[in-house]
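Source file final_20.tsv; content: TSV, C-alpha atoms and all ligand atoms.
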```tsv
chain	number	residue	atom	x	y	z
F	199	MET	CA	9.65	-76.22	-40.16
F	200	LYS	CA	12.71	-75.50	-37.97
F	201	LEU	CA	12.28	-75.31	-34.19
F	202	THR	CA	12.23	-71.59	-33.39
F	203	GLY	CA	12.04	-69.25	-30.39
F	204	ALA	CA	8.82	-68.05	-28.79
F	205	VAL	CA	8.14	-64.93	-30.90
F	206	LEU	CA	8.66	-66.70	-34.24
F	207	MET	CA	6.59	-69.63	-33.05
F	208	ALA	CA	3.78	-67.23	-32.14
F	209	HIS	CA	3.97	-65.82	-35.67
F	210	HIS	CA	3.81	-69.34	-37.13
F	211	LEU	CA	0.66	-70.06	-35.12
F	212	LEU	CA	-0.99	-66.81	-36.20
F	213	GLN	CA	-0.02	-66.75	-39.87
F	214	ALA	CA	-2.53	-69.30	-41.16
F	215	ARG	CA	-5.38	-67.67	-39.22
F	216	LEU	CA	-4.72	-64.06	-40.17
F	217	PRO	CA	-6.44	-64.04	-43.59
F	218	GLN	CA	-9.77	-65.02	-41.95
F	219	ALA	CA	-9.48	-62.78	-38.88
F	220	ALA	CA	-11.88	-59.82	-38.69
F	221	VAL	CA	-10.75	-58.32	-35.36
F	222	ILE	CA	-7.07	-58.34	-34.39
F	223	VAL	CA	-5.45	-56.94	-31.24
F	224	ASP	CA	-1.78	-56.23	-30.60
F	225	ALA	CA	-1.82	-55.78	-26.82
F	226	THR	CA	1.83	-54.59	-26.64
F	227	ALA	CA	2.78	-52.46	-29.66
F	228	GLY	CA	6.46	-51.84	-28.73
F	229	ASN	CA	8.49	-51.09	-31.83
F	230	GLY	CA	5.71	-52.38	-34.08
F	231	LYS	CA	7.33	-55.54	-35.39
F	232	ASP	CA	4.44	-57.75	-34.31
F	233	THR	CA	1.84	-55.33	-35.68
F	234	LEU	CA	3.77	-55.26	-38.95
F	235	PHE	CA	3.73	-59.06	-39.10
F	236	LEU	CA	-0.01	-59.17	-38.36
F	237	ALA	CA	-0.79	-56.44	-40.90
F	238	ARG	CA	1.24	-58.14	-43.65
F	239	HIS	CA	-0.77	-61.35	-43.35
F	240	ALA	CA	-4.22	-59.99	-42.46
F	241	ASN	CA	-7.23	-59.40	-44.66
F	242	GLN	CA	-7.44	-55.74	-45.73
F	243	LYS	CA	-10.91	-55.53	-44.16
F	244	ALA	CA	-9.68	-56.57	-40.70
F	245	SER	CA	-9.90	-54.05	-37.90
F	246	PHE	CA	-6.89	-53.62	-35.64
F	247	TRP	CA	-6.67	-52.47	-32.02
F	248	ILE	CA	-3.15	-51.62	-30.94
F	249	PHE	CA	-2.34	-50.95	-27.27
F	250	ASP	CA	0.68	-49.58	-25.47
F	251	ILE	CA	1.19	-47.51	-22.31
F	252	GLN	CA	3.95	-45.59	-24.08
F	253	GLU	CA	2.99	-43.00	-26.67
F	254	LYS	CA	6.39	-43.40	-28.31
F	255	ALA	CA	5.72	-47.11	-28.88
F	256	LEU	CA	2.46	-46.30	-30.65
F	257	MET	CA	4.27	-43.69	-32.75
F	258	ALA	CA	7.04	-46.18	-33.59
F	259	THR	CA	4.42	-48.71	-34.66
F	260	LYS	CA	2.54	-46.21	-36.85
F	261	ASN	CA	5.84	-45.04	-38.39
F	262	LEU	CA	6.97	-48.58	-39.11
F	263	LEU	CA	3.76	-49.34	-41.00
F	264	VAL	CA	4.08	-46.10	-42.99
F	265	ALA	CA	7.74	-46.87	-43.77
F	266	LYS	CA	6.72	-50.31	-45.03
F	267	ASP	CA	3.82	-48.81	-47.00
F	268	ILE	CA	1.20	-50.84	-45.14
F	269	MET	CA	-2.25	-49.42	-44.46
F	270	ILE	CA	-4.51	-50.85	-41.78
F	271	ASN	CA	-7.92	-50.06	-40.41
F	272	GLY	CA	-6.49	-49.53	-36.93
F	273	LYS	CA	-7.12	-47.81	-33.61
F	274	TYR	CA	-4.10	-46.94	-31.52
F	275	ILE	CA	-4.92	-46.99	-27.79
F	276	HIS	CA	-2.60	-45.23	-25.38
F	277	ASP	CA	-3.72	-47.18	-22.32
F	278	CYS	CA	-3.12	-50.33	-20.33
F	279	HIS	CA	-4.19	-53.54	-22.06
F	280	SER	CA	-5.97	-54.61	-18.84
F	281	LYS	CA	-8.68	-52.15	-19.91
F	282	LEU	CA	-9.16	-53.63	-23.35
F	283	ASP	CA	-12.80	-54.46	-22.65
F	284	ARG	CA	-13.51	-50.73	-22.14
F	285	TYR	CA	-12.56	-50.18	-25.78
F	286	ILE	CA	-13.55	-53.41	-27.51
F	287	SER	CA	-16.95	-55.05	-27.22
F	288	GLU	CA	-16.94	-57.31	-30.29
F	289	PRO	CA	-15.54	-60.84	-30.39
F	290	ILE	CA	-11.79	-60.86	-31.09
F	291	ASP	CA	-10.20	-63.37	-33.46
F	292	ILE	CA	-6.53	-62.78	-32.66
F	293	ILE	CA	-4.84	-61.20	-29.66
F	294	THR	CA	-1.10	-61.12	-29.28
F	295	PHE	CA	0.87	-60.20	-26.16
F	296	ASN	CA	4.64	-59.80	-26.42
F	297	LEU	CA	5.34	-58.96	-22.78
F	298	GLY	CA	8.27	-57.19	-21.16
F	299	TYR	CA	9.79	-53.82	-21.95
F	300	LEU	CA	10.41	-51.81	-25.09
F	301	PRO	CA	13.74	-52.98	-26.50
F	302	GLY	CA	16.37	-50.24	-26.34
F	303	SER	CA	14.29	-48.17	-23.91
F	304	ASP	CA	13.60	-47.80	-20.17
F	305	HIS	CA	13.51	-51.37	-18.80
F	306	THR	CA	11.47	-50.29	-15.78
F	307	ILE	CA	8.47	-49.55	-18.04
F	308	SER	CA	7.56	-53.19	-18.31
F	309	THR	CA	4.37	-55.18	-18.34
F	310	GLN	CA	3.34	-56.04	-14.76
F	311	PRO	CA	2.05	-59.36	-13.43
F	312	SER	CA	-1.26	-58.05	-12.02
F	313	THR	CA	-2.31	-55.99	-15.07
F	314	THR	CA	-1.23	-58.78	-17.41
F	315	ILE	CA	-3.54	-61.22	-15.62
F	316	LYS	CA	-6.42	-58.70	-15.81
F	317	ALA	CA	-5.70	-58.29	-19.51
F	318	LEU	CA	-5.73	-62.06	-20.01
F	319	GLU	CA	-9.05	-62.32	-18.17
F	320	ALA	CA	-10.54	-59.64	-20.45
F	321	ALA	CA	-8.95	-61.16	-23.54
F	322	THR	CA	-10.17	-64.71	-22.87
F	323	ALA	CA	-13.71	-63.39	-22.21
F	324	LEU	CA	-13.76	-61.51	-25.54
F	325	LEU	CA	-12.10	-64.23	-27.61
F	326	ALA	CA	-14.28	-65.43	-30.51
F	327	PRO	CA	-14.93	-69.17	-30.88
F	328	GLY	CA	-11.98	-70.46	-32.93
F	329	GLY	CA	-9.97	-67.37	-31.93
F	330	ILE	CA	-6.45	-67.43	-30.50
F	331	ILE	CA	-4.36	-65.51	-27.97
F	332	THR	CA	-0.57	-65.74	-28.01
F	333	VAL	CA	1.46	-64.64	-25.00
F	334	VAL	CA	5.25	-64.43	-25.04
F	335	THR	CA	6.71	-64.19	-21.52
F	336	TYR	CA	10.28	-63.23	-20.56
F	337	PRO	CA	11.30	-65.08	-17.39
F	338	GLY	CA	14.94	-63.89	-17.69
F	339	TYR	CA	14.48	-60.73	-15.55
F	340	GLN	CA	12.84	-60.32	-12.14
F	341	ILE	CA	9.43	-58.87	-13.00
F	342	GLY	CA	9.30	-61.05	-16.09
F	343	TYR	CA	9.87	-64.13	-13.96
F	344	GLN	CA	7.10	-63.13	-11.50
F	345	GLU	CA	4.79	-62.41	-14.42
F	346	HIS	CA	5.59	-65.74	-15.99
F	347	CYS	CA	4.85	-67.60	-12.71
F	348	LEU	CA	1.46	-65.89	-12.38
F	349	ILE	CA	0.54	-66.67	-15.98
F	350	LYS	CA	1.58	-70.30	-15.48
F	351	GLU	CA	-0.74	-70.43	-12.48
F	352	PHE	CA	-3.64	-68.61	-14.19
F	353	LEU	CA	-3.86	-70.41	-17.54
F	354	PRO	CA	-4.55	-73.93	-16.23
F	355	SER	CA	-7.64	-72.48	-14.48
F	356	LEU	CA	-9.32	-71.86	-17.85
F	357	PRO	CA	-12.07	-74.47	-18.36
F	358	GLN	CA	-11.06	-77.06	-20.93
F	359	GLN	CA	-14.61	-77.23	-22.34
F	360	GLN	CA	-14.07	-73.67	-23.57
F	361	TYR	CA	-10.34	-73.22	-24.06
F	362	THR	CA	-7.34	-75.20	-25.20
F	363	VAL	CA	-4.07	-73.91	-23.74
F	364	ALA	CA	-0.59	-74.88	-24.92
F	365	CYS	CA	2.99	-73.89	-24.10
F	366	TRP	CA	6.18	-73.76	-26.19
F	367	GLU	CA	9.42	-73.68	-24.25
F	368	MET	CA	13.08	-74.21	-25.11
F	369	VAL	CA	14.23	-76.60	-22.41
F	370	ASN	CA	17.99	-76.85	-23.08
F	371	GLN	CA	18.95	-73.19	-23.43
F	372	ILE	CA	20.74	-70.91	-20.98
F	373	HIS	CA	19.51	-67.49	-19.74
F	374	ASN	CA	15.80	-68.39	-19.41
F	375	PRO	CA	14.67	-67.77	-22.99
F	376	PRO	CA	11.14	-66.47	-23.72
F	377	ILE	CA	8.21	-68.87	-23.40
F	378	LEU	CA	5.09	-68.91	-25.56
F	379	TYR	CA	1.58	-69.68	-24.36
F	380	ALA	CA	-1.28	-70.06	-26.82
F	381	ILE	CA	-4.94	-70.06	-25.84
F	382	GLU	CA	-7.59	-71.11	-28.32
F	383	ARG	CA	-11.32	-70.77	-27.74
F	384	ARG	CA	-13.02	-73.95	-28.85
F	385	GLU	CA	-15.42	-73.72	-31.78
F	386	GLY	CA	-19.02	-73.85	-30.57
F	387	SER	CA	-18.12	-72.75	-27.00
F	388	SER	CA	-20.05	-69.84	-25.57
S	1	LIG	N1	5.33	-56.08	-29.96
S	1	LIG	C1	6.56	-55.33	-29.79
S	1	LIG	C2	7.39	-55.29	-31.05
S	1	LIG	O1	7.08	-56.02	-31.99
S	1	LIG	O2	8.35	-54.51	-31.08
S	1	LIG	C3	7.34	-55.74	-28.58
S	1	LIG	C4	6.63	-55.40	-27.30
S	1	LIG	S1	7.70	-54.92	-25.99
S	1	LIG	C5	8.51	-56.45	-25.63
S	1	LIG	C6	6.54	-54.69	-24.67
S	1	LIG	C7	5.71	-53.43	-24.79
S	1	LIG	O3	4.66	-53.53	-23.84
S	1	LIG	C8	6.45	-52.13	-24.49
S	1	LIG	O4	6.36	-51.25	-25.55
S	1	LIG	C9	5.71	-51.57	-23.27
S	1	LIG	O5	5.59	-50.17	-23.26
S	1	LIG	C10	4.35	-52.24	-23.43
S	1	LIG	N2	3.57	-52.29	-22.19
S	1	LIG	C11	4.02	-52.41	-20.91
S	1	LIG	N3	2.99	-52.46	-20.05
S	1	LIG	C12	1.86	-52.37	-20.80
S	1	LIG	C13	0.48	-52.34	-20.46
S	1	LIG	N4	0.07	-52.48	-19.20
S	1	LIG	N5	-0.42	-52.22	-21.47
S	1	LIG	C14	0.00	-52.11	-22.76
S	1	LIG	N6	1.31	-52.12	-23.13
S	1	LIG	C15	2.23	-52.25	-22.15
```
File written out as structure tokens:
Amino acid sequence: MKLTGAVLMAHHLLQARLPQAAVIVDATAGNGKDTLFLARHANQKASFWIFDIQEKALMATKNLLVAKDIMINGKYIHDCHSKLDRYISEPIDIITFNLGYLPGSDHTISTQPSTTIKALEAATALLAPGGIITVVTYPGYQIGYQEHCLIKEFLPSLPQQQYTVACWEMVNQIHNPPILYAIERREGSS
């Protein structure tokens, strides 16, 4: 396998787990590329929860799946991912966060450090044993950098008896490329 950037690496981590996953969350729908990837590799019986604060992102995601002729059992939630535990009460197998702003759109409508941390708290609490969360952060712009710093501070506080946390970072590239964090809930942890 070639060394790749954060988003592709997140996909690599998720791909092998998708066929067994029953509950899958895309916490930042955007243009739908991540949802499309998840849907292509998931079991047809899986249920999807897809969040975005922008209606047009949810529409773009739905339209992309239709254009690619992919059907999912999915709920599209026009709300902040920090409220995910108001919508989902079952254990989640896969949650993916691709933070930042919608490419080609208003850059001020971006994920925010405080709501991202709330979302990660909710996501880690709902994560099924053996489940995984991937988080791609974008430290190359101001809010993205602040968000990244807060995430870097928050994740080491997760107890190692319950969670394994890893980071994938390109260390010789200019312009602060995206960074991937992956959080796995240990099998047998409650
Ligand atoms: N997954 C997307 C794709 O494959 O195209 C890329 C996601 S884009 C980098 C980030 C998305 O997060 C934007 O569409 C933005 O509207 C959304 N977003 C920002 N704040 C959010 C929040 N608090 N809750 C849910 N989505 C949010």
I want to know what sits within 9 Å of F:Gln242, based on only C-alpha atoms, with residues of the same chain fewer than 3 positions away left out; could you give that as a ChimeraX atom specification?
/F:217,237,245,269-271
What's around F:Arg284 at 12 Å? Count all atoms listed in the file, leave out sequence neighbours fewer than 5 positions away in its own chain, and write the answer as a PyMOL selection string.
chain F and resi 275+277-279+317+320-321+324
Kindly indicate which residue among F:Ile292, F:Ala255, F:Leu297, F:Met207 lies nearest to F:Gly328, using all atoms listed in the file for the distances.
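Of F:Ile292, F:Ala255, F:Leu297, F:Met207, the one nearest F:Gly328 is F:Ile292, counting all atoms listed in the file.
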Nearby residues (all atoms listed in the file) at most 12 Å from F:Ala208, same-chain spacing under 2 positions excluded, as a tab-separated table (two decimals) with C-alpha atoms, keeping the file's coordinate frame:
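This is the output file result-v3.tsv:
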```
chain	number	residue	atom	x	y	z
F	201	LEU	CA	12.28	-75.31	-34.19
F	202	THR	CA	12.23	-71.59	-33.39
F	203	GLY	CA	12.04	-69.25	-30.39
F	204	ALA	CA	8.82	-68.05	-28.79
F	205	VAL	CA	8.14	-64.93	-30.90
F	206	LEU	CA	8.66	-66.70	-34.24
F	210	HIS	CA	3.81	-69.34	-37.13
F	211	LEU	CA	0.66	-70.06	-35.12
F	212	LEU	CA	-0.99	-66.81	-36.20
F	213	GLN	CA	-0.02	-66.75	-39.87
F	214	ALA	CA	-2.53	-69.30	-41.16
F	215	ARG	CA	-5.38	-67.67	-39.22
F	232	ASP	CA	4.44	-57.75	-34.31
F	235	PHE	CA	3.73	-59.06	-39.10
F	236	LEU	CA	-0.01	-59.17	-38.36
F	292	ILE	CA	-6.53	-62.78	-32.66
F	293	ILE	CA	-4.84	-61.20	-29.66
F	294	THR	CA	-1.10	-61.12	-29.28
F	295	PHE	CA	0.87	-60.20	-26.16
F	296	ASN	CA	4.64	-59.80	-26.42
F	330	ILE	CA	-6.45	-67.43	-30.50
F	331	ILE	CA	-4.36	-65.51	-27.97
F	332	THR	CA	-0.57	-65.74	-28.01
F	333	VAL	CA	1.46	-64.64	-25.00
F	334	VAL	CA	5.25	-64.43	-25.04
F	335	THR	CA	6.71	-64.19	-21.52
F	364	ALA	CA	-0.59	-74.88	-24.92
F	365	CYS	CA	2.99	-73.89	-24.10
F	366	TRP	CA	6.18	-73.76	-26.19
F	367	GLU	CA	9.42	-73.68	-24.25
F	376	PRO	CA	11.14	-66.47	-23.72
F	377	ILE	CA	8.21	-68.87	-23.40
F	378	LEU	CA	5.09	-68.91	-25.56
F	379	TYR	CA	1.58	-69.68	-24.36
F	380	ALA	CA	-1.28	-70.06	-26.82
F	381	ILE	CA	-4.94	-70.06	-25.84
```
With the cut-off set at 10 Å and counting all atoms listed in the file, tabulate each residue of chain F with an atom at most that distance from an atom of ligand LIG 1 (chain S), showing the nearest atom pair and its distance in Å to one decimal, ordered by chain and increasing number, as a tab-separated table.
```
residue	atom	partner	partner_atom	distance
F:Val205	CA	S:LIG1	O1	9.0
F:Asp224	CA	S:LIG1	N1	7.1
F:Ala225	CA	S:LIG1	C14	5.8
F:Thr226	CA	S:LIG1	O3	4.1
F:Ala227	CA	S:LIG1	N1	4.4
F:Gly228	CA	S:LIG1	O4	3.2
F:Asn229	CA	S:LIG1	O2	3.5
F:Gly230	CA	S:LIG1	O1	4.4
F:Lys231	CA	S:LIG1	O1	3.4
F:Asp232	CA	S:LIG1	O1	3.9
F:Thr233	CA	S:LIG1	O1	6.4
F:Leu234	CA	S:LIG1	O1	7.7
F:Phe235	CA	S:LIG1	O1	8.4
F:Ile248	CA	S:LIG1	C14	8.8
F:Phe249	CA	S:LIG1	C14	5.2
F:Asp250	CA	S:LIG1	N6	3.5
F:Ile251	CA	S:LIG1	N6	4.7
F:Gln252	CA	S:LIG1	O5	4.9
F:Glu253	CA	S:LIG1	O5	8.4
F:Lys254	CA	S:LIG1	O4	8.3
F:Ala255	CA	S:LIG1	O4	5.4
F:Leu256	CA	S:LIG1	O4	8.1
F:Ala258	CA	S:LIG1	O2	8.8
F:Thr259	CA	S:LIG1	O2	7.9
F:Ile275	CA	S:LIG1	C14	8.7
F:His276	CA	S:LIG1	C14	7.8
F:Asp277	CA	S:LIG1	N5	6.1
F:Cys278	CA	S:LIG1	N5	3.5
F:His279	CA	S:LIG1	N5	4.0
F:Ser280	CA	S:LIG1	N4	6.4
F:Lys281	CA	S:LIG1	N5	8.4
F:Leu282	CA	S:LIG1	N5	9.1
F:Thr294	CA	S:LIG1	N1	8.2
F:Phe295	CA	S:LIG1	N1	7.2
F:Asn296	CA	S:LIG1	C4	4.9
F:Leu297	CA	S:LIG1	C6	4.8
F:Gly298	CA	S:LIG1	C5	4.5
F:Tyr299	CA	S:LIG1	C6	4.3
F:Leu300	CA	S:LIG1	C8	4.0
F:Pro301	CA	S:LIG1	C5	6.3
F:Gly302	CA	S:LIG1	S1	9.9
F:Ser303	CA	S:LIG1	O4	8.7
F:Asp304	CA	S:LIG1	O5	8.9
F:His305	CA	S:LIG1	C9	9.0
F:Thr306	CA	S:LIG1	C11	9.3
F:Ile307	CA	S:LIG1	O5	6.0
F:Ser308	CA	S:LIG1	C11	4.5
F:Thr309	CA	S:LIG1	N3	3.5
F:Gln310	CA	S:LIG1	N3	6.4
F:Pro311	CA	S:LIG1	N4	9.2
F:Ser312	CA	S:LIG1	N4	9.2
F:Thr313	CA	S:LIG1	N4	5.9
F:Thr314	CA	S:LIG1	N4	6.7
F:Lys316	CA	S:LIG1	N4	9.6
F:Ala317	CA	S:LIG1	N4	8.2
F:Val334	CA	S:LIG1	C5	8.6
F:Thr335	CA	S:LIG1	C5	8.9
F:Tyr336	CA	S:LIG1	C5	8.6
```
Using Å and a single decimal, report how far atom CA of F:Glu345 sits from atom CA of F:Ile315.
8.5 Å
Given all atoms listed in the file as the counted atoms, nearest of F:Arg384, F:Leu318, F:Pro375, F:Lys266 to F:Gln358
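For F:Gln358, the nearest of the candidates is F:Arg384.
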F:Leu325 environment, 7 Å, only C-alpha atoms, sequence neighbours closer than 4 positions dropped, as a ChimeraX atom specification:
/F:289-291,321,329,383
Selected residues written out, C-alpha atoms, as a JSON list (two decimals), in the frame of the given file:
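The result, written out as result_32.json:
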```json
[["chain", "number", "residue", "atom", "x", "y", "z"],
["F", 289, "PRO", "CA", -15.54, -60.84, -30.39],
["F", 290, "ILE", "CA", -11.79, -60.86, -31.09],
["F", 291, "ASP", "CA", -10.20, -63.37, -33.46],
["F", 321, "ALA", "CA", -8.95, -61.16, -23.54],
["F", 329, "GLY", "CA", -9.97, -67.37, -31.93],
["F", 383, "ARG", "CA", -11.32, -70.77, -27.74]]
```
Measure the distance from atom CA of F:Tyr361 to atom CA of F:Gln340 in Å and round it to one decimal.
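These atoms are spaced 29.1 Å apart.
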From atom CA of F:Phe246 to atom CA of F:Asp267 the spacing works out at 16.3 Å
For F:Asp283, the nearest of the candidates F:Ala323, F:Ile372, F:Val221, F:Leu262, counting only C-alpha atoms
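Counting only C-alpha atoms, the residue closest to F:Asp283 is F:Ala323.
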